Amino acid sequence: MTAPRGRGPGTPWAGGRGHPRTEVERGTAPVGDSTAGPLVRPYTMTKGRTRPDSDGGRLDLITLVVTVADREDRTREPEHEAILRLCCKPVSVAEVSARLDVPLTVVRVLLSDLLAQGDLRTRVAAPVTKLPEKKVLQAVLDGIRRL
Amino acid sequence: MASADSDTQPTEAIPHAVKIIVAGGLGAGKTTLVSSVSEIAPLSTEELMTEASYGVDDLGGVEDKTTTTVALDFGRITISKDIVLYLFGTPGQDRFWFMWEELAEGALGAVVLADTRRLDTCFHAVDFFERRNLPFVVAVNRFEGATAYSEEEVREALDVSASVPVVMADARERMSSKEVLVQLVSHVLRSRQAALSG
């Protein structure tokens with residue numbers, strides 16, 4: 001058999017563009033076993049770009065992005081508008097991807113467009129090689145204990 | 001008036017995001033653990049693999065380049081108004097190793113979920129985190145019908161150092177999963193102290 005394996009029941013590819021992805025069935029969903037290609041060409045909405053034009057380097061999975069409140073009033077692509085609506089509160093790159101059902105690679109391109117246009121802002125990421133600060137770790141520990 | 005530099009705008013501060021990796025073989029209970037402590041139902045995101053340069057899939061000679069998707073499941077815990085914690089499950093298959101590098105980048109630490117019926121499925125994870133010097137704990141997920149092993153037996157079978165905590169867990173139980181995370185972050189703090197004084 002050379003046919004690609006399907007995504008399996010319960011995790012349909014929803015086609016991207018705006019409809020929220022079915023959330024993983026609690027506790028039972030197999031993880032990371034989908035190998036079939038998407039049914040839509042993923043880079044259509046980035047006009048063929050697979051890499052961010054600029055600034056994308058600092059967009060890792062957990063980089064938080066937030067919509068700039070006093071952004072310029074102009075017409076934007078629908079997927080850009082969808083991101084701006086979603087990010088009225090700080091949202092991670094991974095979450096933007098999951099909630100809009102757009103692959104991470106594509107989301108990074110779209111987010112970098114918005115950052116370049118000044119529609120989004122992000123926190124300057126700490127160098128990844130740096131040890132996490134003790135006070136951050138302590139706060140995380142205290143926070144988990146409160147769960 | 002808004003500042004020209006978007007990073008120094010005098011507006012609401014953006015929280016600091018940190019992440020913990022939850023690793024283990026397929027079916028070890030990664031998503032179960034994440035969902036038991038996450039404030040949102042776990043979300044799934046996809047990374048596309050379109051190039052052969054990762055060296056994972058050999059696409060040589062294939063005319064139509066195929067796109068492979070790798071699903072990543074994750075959850076979120078808001079620690080405070082300044083800190084958000086994300087829990088990422090690793091893709092369960094070895095061929096998605098390239099994703100592990102990205103996941104491990106900047107992570108606080110990792111949980112290796114062990115299924116005692118298939119302990120060998122977490123050898124890779126243990127190796128990976130040891131090589132990267134990323135602090136981790138081993139959480140032995142209890143499965144019905146599985147033989148109960150002692151912490152020592154598991155430690156020996158996995159050949160992890162005495163400093164690595166091995167905890168018994170039930171990933172379905174919020175309090176149990178919480179305890180695993182408490183053990184991990186305490187271990188990260190200890191490792192950090194050791195790194196600074198050593």
# chains A, B, ... in the order shown; residues from 1 in each chain; ligands from 1
>>> interface_residues(of="chain B", to="chain A", cutoff="7 Å", atoms="only C-alpha atoms", output="ChimeraX atom specification")
/B:6-7,14,17,26-27,31-32,35,41-48,66-72,79,91-93,105-106,108,178,182,185,189
>>> select_by_dssp(residues="chain B", states="strand (DSSP E or B)", output="number ranges by chain")
B: 16-23, 43-49, 68-78, 83-89, 109-115, 136-141, 166-169
>>> write_last_selection(atoms="N, CA and C atoms", output="short mmCIF file (atom, residue, chain, number, x, y, z; two decimals), in the first residue's frame")
data_model
loop_
_atom_site.label_atom_id
_atom_site.label_comp_id
_atom_site.auth_asym_id
_atom_site.auth_seq_id
_atom_site.Cartn_x
_atom_site.Cartn_y
_atom_site.Cartn_z
N HIS B 16 4.63 36.68 30.21
CA HIS B 16 5.78 35.86 29.89
C HIS B 16 5.26 34.44 29.70
N ALA B 17 5.58 33.81 28.56
CA ALA B 17 5.10 32.45 28.33
C ALA B 17 6.22 31.45 28.54
N VAL B 18 5.92 30.38 29.26
CA VAL B 18 6.90 29.32 29.49
C VAL B 18 6.26 28.00 29.09
N LYS B 19 7.10 26.99 28.85
CA LYS B 19 6.50 25.72 28.46
C LYS B 19 7.18 24.52 29.10
N ILE B 20 6.40 23.49 29.24
CA ILE B 20 6.86 22.21 29.75
C ILE B 20 6.48 21.18 28.69
N ILE B 21 7.37 20.23 28.46
CA ILE B 21 7.11 19.20 27.46
C ILE B 21 6.62 17.93 28.15
N VAL B 22 5.62 17.30 27.58
CA VAL B 22 5.15 16.01 28.09
C VAL B 22 5.46 14.98 27.01
N ALA B 23 6.40 14.08 27.32
CA ALA B 23 6.87 13.12 26.32
C ALA B 23 6.47 11.70 26.73
N LEU B 43 -5.70 21.71 22.78
CA LEU B 43 -5.82 22.12 21.39
C LEU B 43 -4.79 21.35 20.57
N SER B 44 -5.05 21.27 19.29
CA SER B 44 -4.11 20.59 18.42
C SER B 44 -3.71 21.53 17.31
N THR B 45 -2.40 21.63 17.09
CA THR B 45 -1.92 22.47 16.01
C THR B 45 -1.08 21.60 15.09
N GLU B 46 -0.84 22.09 13.90
CA GLU B 46 -0.10 21.27 12.95
C GLU B 46 1.10 22.00 12.39
N GLU B 47 2.17 21.27 12.29
CA GLU B 47 3.37 21.79 11.64
C GLU B 47 3.48 21.05 10.32
N LEU B 48 3.86 21.77 9.28
CA LEU B 48 4.02 21.14 7.97
C LEU B 48 5.47 20.80 7.74
N MET B 49 5.68 19.63 7.20
CA MET B 49 7.03 19.26 6.82
C MET B 49 7.05 19.13 5.31
N THR B 68 3.85 16.65 4.74
CA THR B 68 3.45 15.84 5.87
C THR B 68 3.06 16.76 7.00
N THR B 69 2.00 16.41 7.70
CA THR B 69 1.64 17.24 8.85
C THR B 69 1.94 16.49 10.14
N VAL B 70 2.41 17.22 11.11
CA VAL B 70 2.69 16.67 12.42
C VAL B 70 1.76 17.36 13.40
N ALA B 71 0.97 16.61 14.12
CA ALA B 71 0.05 17.23 15.07
C ALA B 71 0.74 17.39 16.42
N LEU B 72 0.52 18.54 17.03
CA LEU B 72 1.04 18.82 18.37
C LEU B 72 -0.14 19.18 19.25
N ASP B 73 -0.27 18.48 20.37
CA ASP B 73 -1.35 18.80 21.28
C ASP B 73 -0.81 19.60 22.46
N PHE B 74 -1.58 20.57 22.89
CA PHE B 74 -1.09 21.36 24.01
C PHE B 74 -2.22 21.90 24.86
N GLY B 75 -1.88 22.25 26.08
CA GLY B 75 -2.83 22.86 27.00
C GLY B 75 -2.21 24.09 27.63
N ARG B 76 -2.98 24.79 28.44
CA ARG B 76 -2.51 26.06 29.00
C ARG B 76 -2.90 26.18 30.46
N ILE B 77 -2.03 26.76 31.26
CA ILE B 77 -2.34 27.08 32.64
C ILE B 77 -1.91 28.53 32.88
N THR B 78 -2.86 29.38 33.22
CA THR B 78 -2.49 30.77 33.52
C THR B 78 -1.99 30.80 34.96
N ILE B 83 2.48 35.49 33.93
CA ILE B 83 3.07 34.24 33.42
C ILE B 83 2.00 33.26 32.95
N VAL B 84 2.22 32.71 31.76
CA VAL B 84 1.34 31.67 31.22
C VAL B 84 2.20 30.44 30.96
N LEU B 85 1.71 29.30 31.41
CA LEU B 85 2.44 28.04 31.21
C LEU B 85 1.73 27.22 30.15
N TYR B 86 2.50 26.75 29.17
CA TYR B 86 1.95 25.85 28.15
C TYR B 86 2.53 24.46 28.35
N LEU B 87 1.69 23.46 28.17
CA LEU B 87 2.12 22.07 28.25
C LEU B 87 1.99 21.47 26.86
N PHE B 88 3.11 21.03 26.31
CA PHE B 88 3.09 20.46 24.96
C PHE B 88 3.36 18.97 24.99
N GLY B 89 2.49 18.21 24.37
CA GLY B 89 2.74 16.79 24.19
C GLY B 89 3.65 16.61 22.98
N GLY B 109 11.37 22.37 31.36
CA GLY B 109 11.70 20.99 31.70
C GLY B 109 10.70 20.07 31.03
N ALA B 110 10.81 18.78 31.34
CA ALA B 110 9.97 17.80 30.66
C ALA B 110 9.48 16.72 31.61
N VAL B 111 8.32 16.18 31.28
CA VAL B 111 7.78 15.02 31.97
C VAL B 111 7.89 13.86 30.99
N VAL B 112 8.53 12.76 31.41
CA VAL B 112 8.53 11.57 30.57
C VAL B 112 7.49 10.62 31.17
N LEU B 113 6.42 10.43 30.42
CA LEU B 113 5.36 9.54 30.90
C LEU B 113 5.71 8.11 30.51
N ALA B 114 5.81 7.27 31.51
CA ALA B 114 6.19 5.89 31.25
C ALA B 114 5.00 4.96 31.43
N ASP B 115 4.87 4.06 30.48
CA ASP B 115 3.85 3.02 30.55
C ASP B 115 4.63 1.74 30.85
N PHE B 136 14.23 16.72 33.71
CA PHE B 136 12.98 15.99 33.51
C PHE B 136 12.67 15.10 34.69
N VAL B 137 11.41 14.73 34.81
CA VAL B 137 11.01 13.72 35.78
C VAL B 137 10.36 12.58 35.00
N VAL B 138 10.40 11.39 35.59
CA VAL B 138 9.72 10.25 34.99
C VAL B 138 8.43 10.05 35.78
N ALA B 139 7.31 10.08 35.09
CA ALA B 139 6.02 9.83 35.74
C ALA B 139 5.52 8.48 35.24
N VAL B 140 5.35 7.55 36.16
CA VAL B 140 4.89 6.22 35.78
C VAL B 140 3.36 6.23 35.81
N ASN B 141 2.78 6.20 34.63
CA ASN B 141 1.32 6.26 34.54
C ASN B 141 0.75 4.88 34.86
N VAL B 166 11.42 10.01 40.11
CA VAL B 166 10.51 9.05 39.47
C VAL B 166 9.25 9.05 40.33
N VAL B 167 8.12 9.44 39.72
CA VAL B 167 6.88 9.53 40.50
C VAL B 167 5.80 8.64 39.91
N MET B 168 5.01 8.06 40.80
CA MET B 168 3.88 7.24 40.36
C MET B 168 2.71 8.21 40.10
N ALA B 169 1.98 7.98 39.05
CA ALA B 169 0.94 8.94 38.70
C ALA B 169 -0.28 8.26 38.08
#
>>> residues_around(residues="Arg76 of chain A", least_positions_apart="3", cutoff="12 Å", atoms="only C-alpha atoms", output="list in words")
Arg71, Glu72, Asp73, Glu79, His80, Glu81, Ala82, Ile83, Leu84, Leu110, Asp113, Leu114, Gln117 and Asp119 of chain A
>>> write_last_selection(atoms="N, CA and C atoms", output="mmCIF file, in the first residue's frame")
data_model
loop_
_atom_site.group_PDB
_atom_site.id
_atom_site.type_symbol
_atom_site.label_atom_id
_atom_site.label_comp_id
_atom_site.auth_asym_id
_atom_site.auth_seq_id
_atom_site.Cartn_x
_atom_site.Cartn_y
_atom_site.Cartn_z
ATOM 1 N N ARG A 71 -4.597 50.490 15.863
ATOM 2 C CA ARG A 71 -3.989 50.177 14.561
ATOM 3 C C ARG A 71 -4.663 50.982 13.447
ATOM 4 N N GLU A 72 -3.957 51.044 12.359
ATOM 5 C CA GLU A 72 -4.437 51.786 11.200
ATOM 6 C C GLU A 72 -5.736 51.167 10.673
ATOM 7 N N ASP A 73 -6.630 52.016 10.227
ATOM 8 C CA ASP A 73 -7.896 51.530 9.687
ATOM 9 C C ASP A 73 -7.734 51.293 8.191
ATOM 10 N N GLU A 79 -7.932 36.449 6.524
ATOM 11 C CA GLU A 79 -7.207 35.676 7.549
ATOM 12 C C GLU A 79 -6.433 36.595 8.492
ATOM 13 N N HIS A 80 -5.987 37.729 7.974
ATOM 14 C CA HIS A 80 -5.347 38.717 8.851
ATOM 15 C C HIS A 80 -6.370 39.274 9.843
ATOM 16 N N GLU A 81 -7.561 39.567 9.328
ATOM 17 C CA GLU A 81 -8.627 40.082 10.202
ATOM 18 C C GLU A 81 -8.978 39.057 11.285
ATOM 19 N N ALA A 82 -9.041 37.783 10.885
ATOM 20 C CA ALA A 82 -9.391 36.725 11.842
ATOM 21 C C ALA A 82 -8.356 36.663 12.967
ATOM 22 N N ILE A 83 -7.080 36.814 12.612
ATOM 23 C CA ILE A 83 -6.016 36.787 13.622
ATOM 24 C C ILE A 83 -6.166 37.988 14.562
ATOM 25 N N LEU A 84 -6.420 39.165 13.988
ATOM 26 C CA LEU A 84 -6.541 40.371 14.813
ATOM 27 C C LEU A 84 -7.714 40.266 15.790
ATOM 28 N N LEU A 110 1.765 34.748 8.284
ATOM 29 C CA LEU A 110 0.682 35.724 8.457
ATOM 30 C C LEU A 110 0.966 36.663 9.632
ATOM 31 N N ASP A 113 3.567 39.253 8.822
ATOM 32 C CA ASP A 113 2.990 40.343 8.025
ATOM 33 C C ASP A 113 2.373 41.387 8.953
ATOM 34 N N LEU A 114 1.583 40.886 9.899
ATOM 35 C CA LEU A 114 0.866 41.792 10.804
ATOM 36 C C LEU A 114 1.818 42.556 11.726
ATOM 37 N N GLN A 117 3.378 45.277 9.707
ATOM 38 C CA GLN A 117 2.447 46.385 9.460
ATOM 39 C C GLN A 117 2.095 47.159 10.726
ATOM 40 N N ASP A 119 0.271 46.009 13.162
ATOM 41 C CA ASP A 119 -1.065 45.655 13.640
ATOM 42 C C ASP A 119 -1.023 44.770 14.889
#
>>> atom_distance(atom1="atom CA of Asp120 of chain B", atom2="atom CA of Pro165 of chain B")
18.3 Å
>>> closest_residue(among="A:Pro78, A:Cys88, A:Thr67, A:Arg108", to="Arg49 of chain A", atoms="only C-alpha atoms")
A:Arg108
>>> atom_distance(atom1="atom CA of Glu39 of chain B", atom2="atom CA of Asp170 of chain B")
18.3 Å
>>> closest_residue(among="B:Arg95, B:Arg142, B:His124, B:Arg131", to="Glu173 of chain B", atoms="only C-alpha atoms")
B:Arg142
